file structure.txt (compact mmCIF, C-alpha atoms)
# COMPACT_ATOMS: atom_id res chain seq x y z
CA MET S 1 81.11 -13.70 -58.87
CA SER S 2 78.30 -16.08 -59.73
CA ARG S 3 77.63 -18.31 -62.71
CA GLU S 4 74.15 -18.87 -64.01
CA THR S 5 72.67 -20.91 -66.85
CA LEU S 6 69.91 -19.77 -69.17
CA ASN S 7 67.91 -22.34 -71.12
CA ALA S 8 67.03 -20.71 -74.45
CA ARG S 9 66.43 -23.95 -76.33
CA ARG S 10 63.70 -23.88 -79.02
CA LEU S 11 63.64 -20.10 -78.98
CA LEU S 12 64.32 -18.39 -82.28
CA CYS S 13 66.23 -15.14 -82.56
CA PRO S 14 65.87 -12.54 -81.26
CA LEU S 15 64.20 -14.25 -78.29
CA PRO S 16 67.44 -15.83 -77.01
CA VAL S 17 69.02 -12.37 -77.15
CA ILE S 18 66.06 -10.83 -75.31
CA ARG S 19 66.16 -13.53 -72.62
CA THR S 20 69.93 -13.04 -72.29
CA GLN S 21 69.49 -9.27 -72.04
CA ASP S 22 66.79 -9.61 -69.38
CA ARG S 23 68.84 -12.06 -67.31
CA VAL S 24 72.02 -9.97 -67.55
CA LYS S 25 70.08 -6.98 -66.15
CA GLN S 26 69.60 -8.95 -62.94
CA MET S 27 73.28 -9.94 -62.66
CA ASN S 28 76.36 -8.11 -61.41
CA VAL S 29 79.49 -6.99 -63.22
CA GLY S 30 81.90 -9.92 -63.51
CA ASP S 31 79.19 -12.60 -63.24
CA HIS S 32 79.15 -15.32 -65.87
CA LEU S 33 76.10 -16.45 -67.82
CA GLU S 34 75.93 -19.65 -69.86
CA VAL S 35 73.23 -19.53 -72.54
CA ILE S 36 72.14 -22.79 -74.17
CA CYS S 37 70.32 -22.45 -77.50
CA THR S 38 69.20 -24.41 -80.52
CA ASP S 39 68.98 -21.54 -83.02
CA PRO S 40 72.34 -21.23 -84.81
CA GLY S 41 71.68 -17.51 -85.26
CA VAL S 42 72.72 -16.94 -81.65
CA MET S 43 76.35 -17.56 -82.59
CA GLN S 44 76.16 -14.27 -84.45
CA ASP S 45 73.53 -12.33 -82.52
CA ILE S 46 74.59 -12.84 -78.90
CA PRO S 47 78.24 -11.88 -79.55
CA THR S 48 77.03 -8.77 -81.44
CA TRP S 49 74.71 -7.89 -78.58
CA CYS S 50 77.58 -8.35 -76.13
CA ARG S 51 79.94 -6.16 -78.15
CA ILE S 52 77.52 -3.25 -78.36
CA ASN S 53 76.49 -3.49 -74.74
CA GLY S 54 79.91 -3.95 -73.17
CA HIS S 55 79.85 -7.61 -72.19
CA THR S 56 82.53 -10.17 -73.01
CA ILE S 57 82.14 -13.53 -74.72
CA LEU S 58 84.23 -16.10 -72.88
CA GLU S 59 83.23 -19.14 -74.91
CA ALA S 60 81.03 -20.00 -77.88
CA LYS S 61 80.75 -23.63 -78.93
CA THR S 62 78.51 -26.18 -80.58
CA GLU S 63 77.81 -29.36 -78.67
CA ASP S 64 75.39 -32.11 -79.69
CA GLY S 65 73.48 -29.78 -81.98
CA GLU S 66 73.18 -27.10 -79.32
CA TYR S 67 74.86 -23.71 -79.24
CA ILE S 68 76.43 -22.75 -75.94
CA ILE S 69 77.69 -19.26 -75.21
CA VAL S 70 79.33 -18.14 -71.99
CA LEU S 71 79.55 -14.41 -71.37
CA GLU S 72 80.90 -12.18 -68.64
CA VAL S 73 78.70 -9.31 -67.58
CA GLY S 74 80.34 -5.95 -68.21
CA GLU S 75 79.71 -2.43 -66.86
CA MET J 1 65.02 41.57 -71.39
CA THR J 2 65.53 39.54 -68.22
CA GLN J 3 63.15 36.96 -69.59
CA PHE J 4 65.14 36.81 -72.80
CA LEU J 5 68.45 36.48 -70.94
CA ASN J 6 67.06 33.78 -68.70
CA LYS J 7 65.77 31.84 -71.65
CA HIS J 8 68.96 32.36 -73.61
CA PHE J 9 71.16 31.48 -70.66
CA LYS J 10 69.12 28.41 -69.86
CA HIS J 11 69.28 27.34 -73.49
CA ASN J 12 73.08 27.68 -73.77
CA ASN J 13 73.59 26.26 -70.35
CA SER J 14 71.68 23.15 -71.23
CA ILE J 15 73.86 22.65 -74.29
CA MET J 16 77.08 23.25 -72.39
CA SER J 17 76.32 21.26 -69.29
CA GLU J 18 74.28 18.29 -70.36
CA GLN J 19 74.49 16.00 -73.34
CA ARG J 20 70.98 15.34 -74.53
CA LYS J 21 69.85 11.76 -74.97
CA ALA J 22 67.65 10.33 -77.69
CA ALA J 23 66.14 6.89 -78.18
CA ALA J 24 66.14 5.80 -81.81
CA LEU J 25 63.67 3.22 -83.09
CA ILE J 26 65.99 0.85 -84.92
CA SER J 27 64.30 -1.55 -87.31
CA GLY J 28 67.52 -2.65 -88.93
CA GLY J 29 66.64 -0.93 -92.21
CA LEU J 30 68.51 1.94 -93.77
CA ASP J 31 66.17 4.78 -92.81
CA SER J 32 66.26 4.23 -89.07
CA MET J 33 70.01 3.84 -89.28
CA LEU J 34 70.39 7.14 -91.15
CA ALA J 35 68.06 8.97 -88.75
CA ALA J 36 70.09 7.82 -85.77
CA LYS J 37 73.36 8.73 -87.46
CA VAL J 38 72.12 12.26 -88.31
CA ILE J 39 71.40 12.88 -84.64
CA ILE J 40 74.61 11.24 -83.39
CA GLU J 41 76.49 13.62 -85.68
CA GLN J 42 74.87 16.51 -83.81
CA GLY J 43 76.48 15.39 -80.55
CA VAL J 44 73.40 13.78 -79.03
CA HIS J 45 73.80 10.54 -77.08
CA VAL J 46 71.71 7.99 -78.97
CA GLU J 47 70.67 4.50 -77.93
CA GLY J 48 68.54 2.19 -80.04
CA ILE J 49 65.31 0.42 -79.22
CA ASN J 50 63.95 -2.47 -81.23
CA PHE J 51 60.53 -3.88 -80.46
CA PHE J 52 59.97 -7.59 -80.99
CA THR J 53 56.32 -8.17 -81.85
CA GLY J 54 56.72 -11.83 -82.78
CA PHE J 55 56.25 -11.04 -86.46
CA CYS J 56 59.72 -9.66 -87.17
CA VAL J 57 61.01 -13.08 -87.95
CA GLU J 58 63.44 -12.51 -90.79
CA GLY J 59 65.95 -15.14 -89.68
CA HIS J 60 63.54 -17.84 -88.64
CA THR J 61 63.30 -19.70 -91.90
CA HIS J 62 67.07 -19.86 -91.91
CA ALA J 63 67.14 -21.09 -88.35
CA ILE J 64 64.66 -23.85 -89.05
CA ARG J 65 65.42 -25.14 -92.54
CA GLU J 66 68.19 -27.66 -92.79
CA ARG J 67 69.82 -26.20 -95.86
CA ASP J 68 69.94 -22.67 -94.39
CA ARG J 69 71.17 -23.44 -90.89
CA ALA J 70 74.82 -23.25 -91.88
CA GLN J 71 74.35 -19.63 -92.93
CA PRO J 72 72.09 -18.00 -90.35
CA LYS J 73 70.84 -14.53 -91.19
CA ARG J 74 72.16 -11.70 -89.11
CA ASN J 75 69.79 -9.70 -86.95
CA ASN J 76 69.75 -6.40 -88.80
CA SER J 77 68.85 -4.24 -85.82
CA LEU J 78 71.84 -5.54 -83.85
CA TRP J 79 74.03 -5.16 -86.88
CA ALA J 80 72.83 -1.57 -87.45
CA ALA J 81 73.45 -0.68 -83.81
CA GLU J 82 76.98 -1.99 -84.05
CA GLN J 83 77.62 0.01 -87.22
CA LEU J 84 76.34 3.10 -85.43
CA GLY J 85 78.35 2.36 -82.28
CA ILE J 86 75.28 2.58 -80.07
CA LYS J 87 73.63 0.34 -77.50
CA LEU J 88 70.50 -1.50 -78.58
CA HIS J 89 67.66 -2.49 -76.28
CA ILE J 90 65.45 -5.22 -77.71
CA VAL J 91 62.06 -5.10 -76.04
CA ASP J 92 59.63 -8.03 -76.02
CA VAL J 93 56.16 -6.63 -76.80
CA ILE J 94 54.61 -9.88 -78.01
CA ASP J 95 51.67 -9.87 -75.61
CA GLU J 96 50.92 -6.16 -75.77
CA TYR J 97 51.09 -6.24 -79.56
CA LYS J 98 48.16 -8.64 -79.80
CA ASP J 99 45.67 -5.84 -79.25
CA VAL J 100 47.30 -3.81 -82.02
CA LEU J 101 46.96 -6.64 -84.49
CA ILE J 102 43.56 -7.87 -83.40
CA ASN J 103 41.84 -4.48 -83.06
CA PRO J 104 43.63 -1.93 -85.20
CA LYS J 105 41.88 1.43 -84.96
CA TYR J 106 43.15 2.42 -88.41
CA GLY J 107 42.66 -0.97 -90.02
CA TYR J 108 44.97 -3.14 -92.05
CA GLY J 109 47.12 -2.44 -95.08
CA SER J 110 47.07 -4.61 -98.17
CA ASN J 111 47.52 -7.70 -96.00
CA MET J 112 47.19 -8.14 -92.22
CA ASN J 113 49.64 -5.33 -91.54
CA PRO J 114 48.23 -2.72 -89.16
CA CYS J 115 51.08 -0.34 -90.01
CA LEU J 116 49.67 2.90 -88.63
CA ASP J 117 48.51 1.39 -85.35
CA CYS J 118 51.82 -0.44 -85.12
CA LYS J 119 53.79 2.77 -85.47
CA ILE J 120 51.60 4.55 -82.90
CA PHE J 121 52.10 1.63 -80.53
CA MET J 122 55.87 1.59 -80.95
CA VAL J 123 56.29 5.32 -80.53
CA ASN J 124 54.09 5.13 -77.44
CA LYS J 125 56.29 2.34 -76.04
CA ALA J 126 59.36 4.41 -76.88
CA LYS J 127 57.88 7.34 -74.97
CA GLN J 128 57.39 5.13 -71.92
CA TRP J 129 60.96 3.92 -72.34
CA ILE J 130 62.51 7.40 -72.48
CA GLN J 131 60.57 8.42 -69.38
CA GLU J 132 61.78 5.37 -67.48
CA ASN J 133 65.36 5.75 -68.64
CA GLY J 134 65.91 9.50 -68.46
CA PHE J 135 66.10 10.19 -72.20
CA ASP J 136 64.96 13.45 -73.78
CA PHE J 137 63.36 12.59 -77.11
CA ILE J 138 62.60 9.93 -79.71
CA ILE J 139 63.94 9.51 -83.25
CA THR J 140 62.40 7.51 -86.06
CA GLY J 141 63.48 6.99 -89.65
CA GLU J 142 60.07 7.90 -91.06
CA VAL J 143 59.92 9.77 -94.36
CA ILE J 144 56.77 11.50 -95.60
CA GLY J 145 55.29 9.57 -98.49
CA GLN J 146 57.68 6.65 -98.17
CA ARG J 147 55.01 4.10 -97.33
CA PRO J 148 51.38 4.14 -98.37
CA MET J 149 49.78 3.51 -95.00
CA SER J 150 51.89 4.75 -92.13
CA GLN J 151 54.25 7.27 -93.68
CA ARG J 152 52.04 9.92 -95.23
CA LYS J 153 51.82 13.62 -94.56
CA GLN J 154 48.42 13.12 -92.89
CA THR J 155 49.56 10.26 -90.67
CA MET J 156 52.67 11.91 -89.24
CA PRO J 157 50.72 14.13 -86.79
CA ILE J 158 48.39 11.21 -85.95
CA ILE J 159 51.36 9.10 -84.85
CA ALA J 160 52.81 11.94 -82.79
CA ARG J 161 49.48 12.75 -81.15
CA GLU J 162 48.06 9.30 -80.54
CA SER J 163 51.31 7.87 -79.25
CA GLY J 164 51.45 10.68 -76.70
CA ALA J 165 54.96 11.55 -77.86
CA ASP J 166 53.78 14.82 -79.48
CA ASP J 167 56.73 17.12 -80.06
CA LEU J 168 59.21 14.73 -78.43
CA LEU J 169 59.08 12.78 -81.67
CA LEU J 170 61.71 13.89 -84.19
CA ARG J 171 61.96 12.49 -87.71
CA PRO J 172 65.42 13.66 -88.81
CA LEU J 173 65.03 12.56 -92.44
CA CYS J 174 61.90 14.63 -93.11
CA ALA J 175 61.89 17.08 -90.20
CA ARG J 176 62.13 20.12 -92.42
CA ASN J 177 58.77 19.27 -93.95
CA LEU J 178 57.16 19.11 -90.54
CA PRO J 179 56.52 21.58 -87.71
CA GLU J 180 59.41 22.15 -85.29
CA THR J 181 59.68 19.66 -82.47
CA LEU J 182 60.90 20.29 -78.95
CA PRO J 183 64.50 19.16 -79.61
CA GLU J 184 64.66 21.68 -82.47
CA ARG J 185 63.05 24.53 -80.55
CA GLU J 186 65.29 23.97 -77.54
CA GLY J 187 68.38 23.83 -79.71
CA TRP J 188 69.23 20.26 -78.72
CA VAL J 189 69.51 19.63 -82.44
CA ASP J 190 70.06 22.03 -85.31
CA ARG J 191 67.08 21.98 -87.66
CA ALA J 192 69.27 23.29 -90.47
CA LYS J 193 71.23 20.03 -90.35
CA LEU J 194 68.11 17.86 -90.61
CA PHE J 195 66.56 16.79 -93.90
CA GLY J 196 63.41 17.32 -95.93
CA PHE J 197 63.08 13.99 -97.72
CA SER J 198 59.70 13.04 -99.09
CA GLY J 199 58.19 10.57 -101.51
CA ARG J 200 58.91 6.98 -102.39
CA SER J 201 62.28 7.60 -104.01
CA ARG J 202 65.17 5.96 -102.21
CA LYS J 203 67.76 8.15 -103.91
CA PRO J 204 68.18 10.73 -101.11
CA GLN J 205 68.66 7.95 -98.56
CA MET J 206 71.18 6.20 -100.80
CA GLU J 207 73.15 9.41 -101.17
CA LEU J 208 73.12 10.05 -97.44
CA ALA J 209 74.20 6.46 -96.83
CA GLN J 210 77.12 7.07 -99.12
CA GLN J 211 78.08 10.21 -97.20
CA PHE J 212 78.10 8.20 -93.99
CA ASP J 213 80.01 5.35 -95.65
CA PHE J 214 77.18 2.90 -95.06
CA VAL J 215 77.61 0.27 -97.70
CA ASP J 216 76.24 -3.03 -96.45
CA TYR J 217 72.81 -2.02 -95.17
CA ALA J 218 69.63 -4.10 -95.15
CA GLN J 219 67.21 -3.79 -98.02
CA PRO J 220 64.75 -1.01 -97.22
CA ALA J 221 60.96 -0.79 -97.34
CA GLY J 222 58.67 -3.59 -96.26
CA GLY J 223 61.06 -4.60 -93.53
CA CYS J 224 60.98 -7.98 -91.91
CA CYS J 225 57.34 -7.93 -90.81
CA PHE J 226 55.57 -11.07 -91.92
CA LEU J 227 52.20 -9.36 -91.66
CA THR J 228 52.98 -7.63 -94.94
CA ASP J 229 53.30 -11.05 -96.59
CA GLU J 230 50.21 -12.22 -98.49
CA SER J 231 50.69 -15.92 -97.90
CA TYR J 232 51.44 -15.50 -94.21
CA SER J 233 48.44 -13.20 -93.77
CA ALA J 234 46.16 -15.76 -95.44
CA LYS J 235 47.30 -18.38 -92.93
CA LEU J 236 46.64 -16.01 -90.03
CA VAL J 237 43.12 -15.22 -91.29
CA ASP J 238 42.45 -18.94 -91.75
CA LEU J 239 43.57 -19.57 -88.17
CA TRP J 240 41.22 -16.95 -86.78
CA GLN J 241 38.28 -17.99 -88.94
CA ASN J 242 38.53 -21.64 -88.04
CA ARG J 243 39.16 -21.13 -84.36
CA GLY J 244 36.24 -18.73 -84.26
CA THR J 245 38.28 -16.16 -82.38
CA LYS J 246 40.78 -13.48 -83.29
CA ASP J 247 43.52 -14.52 -80.95
CA TYR J 248 46.95 -16.12 -81.17
CA GLU J 249 49.95 -17.25 -79.19
CA LEU J 250 53.60 -16.94 -80.12
CA ASP J 251 53.65 -20.62 -81.08
CA ASP J 252 50.93 -19.89 -83.66
CA VAL J 253 53.02 -17.07 -85.09
CA MET J 254 55.99 -19.43 -85.46
CA LEU J 255 54.03 -22.37 -86.85
CA LEU J 256 52.42 -20.27 -89.56
CA LYS J 257 55.91 -19.95 -91.03
CA VAL J 258 56.67 -23.63 -91.09
CA GLY J 259 55.57 -26.39 -93.42
CA ARG J 260 52.63 -26.87 -95.74
CA HIS J 261 49.35 -25.89 -94.11
CA ILE J 262 46.55 -28.06 -95.43
CA ARG J 263 42.97 -27.72 -94.19
CA PRO J 264 40.74 -30.49 -95.58
CA LYS J 265 37.95 -29.68 -93.09
CA SER J 266 37.13 -26.72 -90.94
CA ASN J 267 37.74 -28.54 -87.65
CA PHE J 268 41.42 -29.30 -88.25
CA LYS J 269 44.43 -28.56 -90.39
CA VAL J 270 47.58 -30.52 -91.06
CA ILE J 271 50.99 -28.87 -90.88
CA VAL J 272 53.37 -31.02 -92.92
CA ALA J 273 57.12 -30.45 -92.66
CA ARG J 274 58.74 -29.76 -96.02
CA GLU J 275 62.20 -30.98 -95.09
CA GLU J 276 64.28 -32.38 -92.25
CA GLY J 277 64.90 -29.08 -90.49
CA GLU J 278 61.19 -28.38 -90.36
CA SER J 279 60.47 -31.90 -89.08
CA ARG J 280 62.98 -31.31 -86.30
CA PHE J 281 61.37 -27.97 -85.48
CA LEU J 282 57.86 -29.48 -85.40
CA GLU J 283 59.16 -32.23 -83.08
CA GLY J 284 59.33 -29.55 -80.40
CA TYR J 285 55.54 -29.20 -80.53
CA LYS J 286 54.62 -32.85 -80.05
CA LYS J 287 53.35 -32.18 -76.55
CA GLU J 288 51.03 -29.44 -77.75
CA PHE J 289 49.62 -31.12 -80.87
CA THR J 290 48.68 -34.54 -82.14
CA SER J 291 51.50 -35.61 -84.46
CA LEU J 292 51.68 -38.06 -87.35
CA ILE J 293 54.60 -39.70 -89.06
CA SER J 294 54.96 -42.68 -91.35
CA SER J 295 56.39 -45.71 -89.56
CA SER J 296 56.67 -47.93 -92.61
CA HIS J 297 58.48 -45.48 -94.90
CA SER J 298 60.57 -42.39 -94.33
CA GLY J 299 58.60 -39.19 -94.50
CA PRO J 300 57.85 -35.87 -92.91
CA LEU J 301 56.44 -35.18 -89.46
CA ALA J 302 53.04 -33.50 -89.40
CA LEU J 303 51.08 -31.78 -86.65
CA ILE J 304 47.31 -31.60 -86.39
CA ASP J 305 45.92 -28.26 -85.28
CA GLY J 306 42.30 -28.65 -84.22
CA GLU J 307 40.00 -31.39 -82.97
CA PRO J 308 40.15 -34.27 -85.45
CA THR J 309 37.92 -37.36 -85.31
CA ASP J 310 39.36 -40.82 -86.05
CA GLU J 311 38.12 -40.42 -89.59
CA ASP J 312 39.92 -37.09 -89.82
CA LEU J 313 43.16 -38.69 -88.61
CA ALA J 314 42.90 -41.24 -91.41
CA LEU J 315 42.41 -38.42 -93.87
CA ALA J 316 45.44 -36.59 -92.43
CA GLY J 317 47.40 -39.83 -92.68
CA ARG J 318 46.59 -40.14 -96.38
CA ILE J 319 47.82 -36.57 -96.88
CA ILE J 320 51.15 -37.02 -95.16
CA ALA J 321 51.70 -40.41 -96.80
CA ARG J 322 51.57 -38.50 -100.07
CA TYR J 323 54.67 -36.51 -99.03
CA GLY J 324 56.77 -39.50 -97.89
CA GLN J 325 58.73 -42.25 -99.57
CA GLY J 326 55.65 -44.46 -99.49
CA ARG J 327 53.68 -42.21 -101.81
CA ASP J 328 53.50 -44.96 -104.47
CA ALA J 329 52.89 -47.81 -102.03
CA GLU J 330 49.48 -49.39 -101.71
CA LYS J 331 49.44 -48.98 -97.93
CA VAL J 332 51.48 -46.88 -95.53
CA ASP J 333 51.60 -47.22 -91.75
CA ILE J 334 51.13 -43.95 -89.91
CA LEU J 335 52.06 -43.53 -86.27
CA VAL J 336 49.60 -41.19 -84.57
CA ARG J 337 50.75 -39.73 -81.26
CA SER J 338 48.47 -37.72 -79.01
CA GLN J 339 49.64 -34.73 -76.95
CA LYS J 340 49.75 -37.03 -73.93
CA GLY J 341 52.00 -39.49 -75.73
CA LEU J 342 49.40 -42.17 -76.49
CA GLU J 343 50.34 -43.89 -79.72
CA GLN J 344 48.38 -45.85 -82.30
CA THR J 345 49.24 -47.01 -85.79
CA ILE J 346 46.81 -46.65 -88.63
CA GLN J 347 47.14 -47.95 -92.16
CA VAL J 348 46.23 -45.65 -95.03
CA SER J 349 46.35 -45.44 -98.81
CA PRO J 350 48.41 -42.42 -99.86
CA PHE J 351 46.52 -39.75 -101.74
CA ALA J 352 47.37 -39.26 -105.39
CA PRO J 353 48.48 -35.68 -106.15
CA ASP J 354 45.10 -34.72 -107.62
CA GLN J 355 43.23 -36.04 -104.58
CA ILE J 356 44.56 -33.25 -102.40
CA ALA J 357 42.22 -30.45 -103.41
CA GLU J 358 43.87 -27.16 -104.25
CA GLU J 359 41.53 -25.27 -101.95
CA TRP J 360 42.77 -27.30 -98.99
CA PHE J 361 46.12 -25.50 -99.18
CA VAL J 362 46.02 -22.47 -96.90

call {"tool": "encode", "arguments": {"input": "structure.txt", "output": "structure tokens"}}
result
Amino acid sequence: MSRETLNARRLLCPLPVIRTQDRVKQMNVGDHLEVICTDPGVMQDIPTWCRINGHTILEAKTEDGEYIIVLEVGE
Amino acid sequence: MTQFLNKHFKHNNSIMSEQRKAAALISGGLDSMLAAKVIIEQGVHVEGINFFTGFCVEGHTHAIRERDRAQPKRNNSLWAAEQLGIKLHIVDVIDEYKDVLINPKYGYGSNMNPCLDCKIFMVNKAKQWIQENGFDFIITGEVIGQRPMSQRKQTMPIIARESGADDLLLRPLCARNLPETLPEREGWVDRAKLFGFSGRSRKPQMELAQQFDFVDYAQPAGGCCFLTDESYSAKLVDLWQNRGTKDYELDDVMLLKVGRHIRPKSNFKVIVAREEGESRFLEGYKKEFTSLISSSHSGPLALIDGEPTDEDLALAGRIIARYGQGRDAEKVDILVRSQKGLEQTIQVSPFAPDQIAEEWFV
């Protein structure tokens, strides 16, 4: 299992979702991806994207004005 | 007889042994949602595709403006996919889309919206996608007569032909007004269970939505495309005219949505933040543009797009001083920062409201 970080700062939705989607395609089931964003819309959009595509949100938090989401890659 | 049996056997066999797969173009509006649902109900495996051109920026104002950040807008295509219980693939077509917008074969609509070319492009991309991903056909939520440019009886065959999708393109909401497509002929879907909607009325869609228990769907028609917006289109045309070239980058697309755009001279324009959220957003572009902000009074951040002279910077300074707390002061200090970070302070007299000519506003 690996853990990667994706810098999606300054990107507005749906670009953080697209970047997340593209990165997840290159990862394996069980890997973790941390996505760091500045668009608050990701707190809604990335979890929705994960639910419909079979990935799991492990953590979603706001820290110093940034939105950080950690997901586990599903099947 | 043998030929008939072979055909018949093959037909039934395909139904029995293999679930057919369709890619639905999901915009997030009601029609594409209904079209997908109609085909899901027929036992077809459906997955959604949403193309991001850079102009479908419905949530961006919310993401940028301070007062809206607490209530970000949902992404309707993701939301629709979740309601439908299908996967959604969001595809970045920003670069490829430039040619569609810059050189539309069928021209623009009432603003800078190249709707027909856009639809041809998206269906063509969907065809590539189904070939790469082993899907059988494409669904769209188009309805004959629903939209003046792209959804007319005459344009339906143009989209199918020019996209290369031909009879792999099924429009479930108006299919019965159109020639049979491959999925219908092969029995992958039952034509009798498709619809014959036409015209601008939304009533049939509303009734179908009710049948499917869709209650909280996005407002239809017009969609989220900013190219259909008059004010946005005017800014895009201004950009092209003054740069002398019909080209753009994603940053241009974003910046056209933010702030007041004021062009006092053809060689530069000033983008003035309207509130704190916009100032924060424009901060992110300080390495790409010369920026100005008042250092003696609180006020908005502004970017300069173009090649201003020193005299132009003073003019820009007078403009932004007008929108800060020093608007009534005799003199305001303006910090000018170049892309490379070189700073200088200039002192200006704020413009009075009537000194900013109306025609300067893009």

call {"tool": "residues_near_point", "arguments": {"input": "structure.txt", "point": "(80.2, -11.3, -57.9)", "cutoff": "7 Å", "atoms": "all atoms listed in the file", "output": "list in words"}}
result
Met1, Ser2, Asn28, Val29, Gly30 and Asp31 of chain S

call {"tool": "atom_distance", "arguments": {"input": "structure.txt", "atom1": "CA of Val336 in chain J", "atom2": "CA of Phe351 in chain J"}}
result
17.5 Å

call {"tool": "closest_atom_pairs", "arguments": {"input": "structure.txt", "of": "chain S", "to": "chain J", "cutoff": "6 Å", "atoms": "all atoms listed in the file", "output": "JSON lines"}}
result
{"residue": "S:Asp39", "atom": "CA", "partner": "J:Ala63", "partner_atom": "CA", "distance": 5.7}
{"residue": "S:Gly41", "atom": "CA", "partner": "J:Pro72", "partner_atom": "CA", "distance": 5.1}
{"residue": "S:Ile52", "atom": "CA", "partner": "J:Lys87", "partner_atom": "CA", "distance": 5.4}
{"residue": "S:Asn53", "atom": "CA", "partner": "J:Lys87", "partner_atom": "CA", "distance": 5.5}

call {"tool": "closest_residue", "arguments": {"input": "structure.txt", "among": "S:Leu6, S:Val17, S:Val70, S:Leu11", "to": "Thr38 in chain S", "atoms": "all atoms listed in the file"}}
result
S:Leu11

call {"tool": "closest_residue", "arguments": {"input": "structure.txt", "among": "J:Lys98, J:Lys127, J:Lys340, J:Arg152", "to": "Arg200 in chain J", "atoms": "only C-alpha atoms"}}
result
J:Arg152

call {"tool": "residues_around", "arguments": {"input": "structure.txt", "residues": "Asp31 in chain J", "least_positions_apart": "3", "cutoff": "7 Å", "atoms": "all atoms listed in the file", "output": "ChimeraX atom specification"}}
result
/J:34-35,141

call {"tool": "atom_distance", "arguments": {"input": "structure.txt", "atom1": "CA of Thr56 in chain S", "atom2": "CA of Leu15 in chain S"}}
result
19.5 Å

call {"tool": "residues_around", "arguments": {"input": "structure.txt", "residues": "Asn111 in chain J", "least_positions_apart": "2", "cutoff": "10 Å", "atoms": "all atoms listed in the file", "output": "list of chain:residue names"}}
result
J:Tyr108, J:Gly109, J:Asn113, J:Pro114, J:Phe226, J:Leu227, J:Thr228, J:Asp229, J:Glu230, J:Ser231, J:Tyr232, J:Ser233, J:Ala234, J:Val237

call {"tool": "atom_distance", "arguments": {"input": "structure.txt", "atom1": "CA of Thr5 in chain S", "atom2": "CA of Glu34 in chain S"}}
result
4.6 Å

call {"tool": "residues_around", "arguments": {"input": "structure.txt", "residues": "Leu178 in chain J", "least_positions_apart": "5", "cutoff": "10 Å", "atoms": "all atoms listed in the file", "output": "PDB file with C-alpha atoms, keeping the file's coordinate frame"}}
result
ATOM      1  CA  ILE J 144      56.770  11.500 -95.600  1.00  0.00           C
ATOM      2  CA  LYS J 153      51.820  13.620 -94.560  1.00  0.00           C
ATOM      3  CA  MET J 156      52.670  11.910 -89.240  1.00  0.00           C
ATOM      4  CA  PRO J 157      50.720  14.130 -86.790  1.00  0.00           C
ATOM      5  CA  LEU J 170      61.710  13.890 -84.190  1.00  0.00           C
ATOM      6  CA  ARG J 171      61.960  12.490 -87.710  1.00  0.00           C
ATOM      7  CA  GLY J 196      63.410  17.320 -95.930  1.00  0.00           C
TER       8      GLY J 196
END

call {"tool": "residues_around", "arguments": {"input": "structure.txt", "residues": "range 24-26 of chain S", "least_positions_apart": "6", "cutoff": "10 Å", "atoms": "only C-alpha atoms", "output": "JSON, numbers by chain"}}
result
{"S": [4, 18, 32, 33, 55, 71, 72, 73, 74]}

call {"tool": "closest_residue", "arguments": {"input": "structure.txt", "among": "S:Arg3, S:Ile68, S:Gly54, S:Thr62", "to": "Pro16 in chain S", "atoms": "only C-alpha atoms"}}
result
S:Ile68

call {"tool": "residues_near_point", "arguments": {"input": "structure.txt", "point": "(51.7, -12.3, -80.7)", "cutoff": "10 Å", "atoms": "only C-alpha atoms", "output": "PyMOL selection string"}}
result
chain J and resi 52-55+93-102+247-254
